[in-house]
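In what follows, a structure is listed as structure tokens, so that the remarks can point back to it.
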Amino acid sequence: MLHALVSPGRGWDGRTAANSLSRHEGVGGAGSVAAELCVRRAAYAWGRGSCLCRRCAAPLFLHSPAPHPASALALVDVLLKAVGDTPIMKTKKWSVERTRTIQGLVDFIKKFLKLVASEQLFIYVNQSFAPSPDQEVGTLYECFGSDGKLVLHYCKSQAWG
Amino acid sequence: MSLNLDTEDDFYLEENRFKQCCAEFIKHSQQIGDGWEWKSIKDFPDGYMSKTHFQMKNGNTPSIFKDSTKENDEQTFTHVEEALDDSQASEICATSEVIRYEYHVLYSSSYQVPVLYFRACFLDGRPLTLDEIWEGVHECYRARLLEGPWDTITQQEHPLLGQPFFVLHPCRTNEFMAPVLANSQRENRNINYVTSWLSIVGPVVGLNLPLSYAKLVSEQNTKTD
């Protein structure tokens with residue numbers, strides 16, 4: 001199941017995300033226009049904290065994207081893989097906005113894994129190359145994506161001291 | 001979840017391998033016009049990779065250099081002279097804000113890893129302080145610098161040129177390189193140590209590698225499969 005990483009706002013955490021998702025499972029189902037509209041609107045409306053879909057007023061964060069709306073909604077499918085003794089994320093598959101930067105993704109993974117601020121996290125393409133922090137996921141997908149997804153490896157480095 | 005039996009000791013970079021990695025790196029740099037060169041010192045077996053690039057204080061490429069992308073170095077210098085001879089006030093003001101960045105990749109035999117030396121100066125020769133260099137570095141990289149495993153940037157004498165350079169201390173290099181190398185070993189992939197390393201440390205000091213360097217490695221892997 002793919003999750004949509006629309007934009008992490010304040011108070012976001014894994015549980016909120018899972019709750020939002022389950023609340024929307026029935027909204028027209030995957031591939032429905034309603035689901036598409038929800039994600040599209042949420043991308044612009046995040047911060048107001050509620051879904052703009054006409055069917056509910058639930059806090060929207062995640063949606064199960066349909067087979068092909070990812071490109072229509074400017075999202076790319078990303079598979080996150082841990083390197084070394086970095087904790088493995090329970091959810092590995094994400095739909096990420098094309099314009100999200102590597103730095104944004106780093107911040108997201110660090111929050112998700114509850115890393116402390118002094119721990120550094122690196123993201124790699126091709127298991128070996130760290131793109132610049134301001135590189136966009138969409139560009140990386142175009143260069144390194146295959147089978148409809150972009151595989152990114154992430155690795156944490158030891159904390160200071 | 002596997003036991004991490006790979007120790008950091010396994011992944012030091014041997015000097016000949018360093019030179020090989022640099023050669024591959026420079027070959028690609030030449031293909032894409034990224035400006036890296038190998039410099040060797042007369043009578044010394046040592047050498048290093050070097051890149052010089054120019055930037056305006058606000059981060060833009062100075063317009064006097066913009067048209068030179070398709071031309072060779074000699075013509076670039078001609079354009080500079082023309083611009084300075086003209087009394088066009090805007091260009092003359094602009095040149096005082098142009099900063100020349102120099103990056104050198106050397107090999108450290110004591111740490112057995114590559115080391116990044118860098119310095120920057122205005123066109124009149126006045127060197128930038130570390131703070132001034134960081135003013136040109138994006139906010140998020142500065143945060144990374146504070147968090148990163150490179151807690152020391154010091155000013156040292158360049159081992160081959162004898163001039164003062166800033167250095168990203170190599171003592172923690174093996175720490176952040178080891179997991180990447182272990183992973184590639186496990187997957188039987190060849191990676192270019194210098195490319196990987198520079199992609200990590202570079203952005204922190206304003207040096208960003210074009211993405212095509214990453215593709216270089218994958219092409220090599222496809223060929224060996």
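Please note that chains go A, B, ... in the order of the structure tokens, that every chain numbers its residues from 1, and that ligands are numbered from 1 in the order shown.
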
At a cut-off of 7 Å, can you tabulate as CSV every residue of chain A near chain B together with its closest atom pair and the distance in Å to one decimal, using only C-alpha atoms and ordering rows by chain then number?
residue,atom,partner,partner_atom,distance
A:Val83,CA,B:Pro179,CA,6.4
A:Gly84,CA,B:Pro179,CA,5.0
A:Ser118,CA,B:Glu147,CA,4.9
A:Glu119,CA,B:Glu147,CA,6.6
A:Gln120,CA,B:Gly148,CA,5.7
A:Asn126,CA,B:Ser218,CA,6.7
A:Ser128,CA,B:Ser196,CA,5.6
A:Phe129,CA,B:Ser196,CA,5.0
A:Ala130,CA,B:Ser199,CA,5.2
A:Pro131,CA,B:Ser199,CA,6.6
A:Ser132,CA,B:Pro203,CA,6.1
A:Ser157,CA,B:Phe176,CA,5.7
A:Trp160,CA,B:Pro149,CA,6.6

Just the residues within 12 Å of Pro45 (chain B), please, counting only C-alpha atoms, with nothing from its chain fewer than 6 positions along; format it as JSON, numbers by chain. {"B": [15, 16, 19, 39, 107, 160]}

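Distances here use only C-alpha atoms; by that measure, the residue among A:Trp94, A:Ala74, A:Thr99, A:Phe144 closest to Gln127 (chain A) is A:Phe144.
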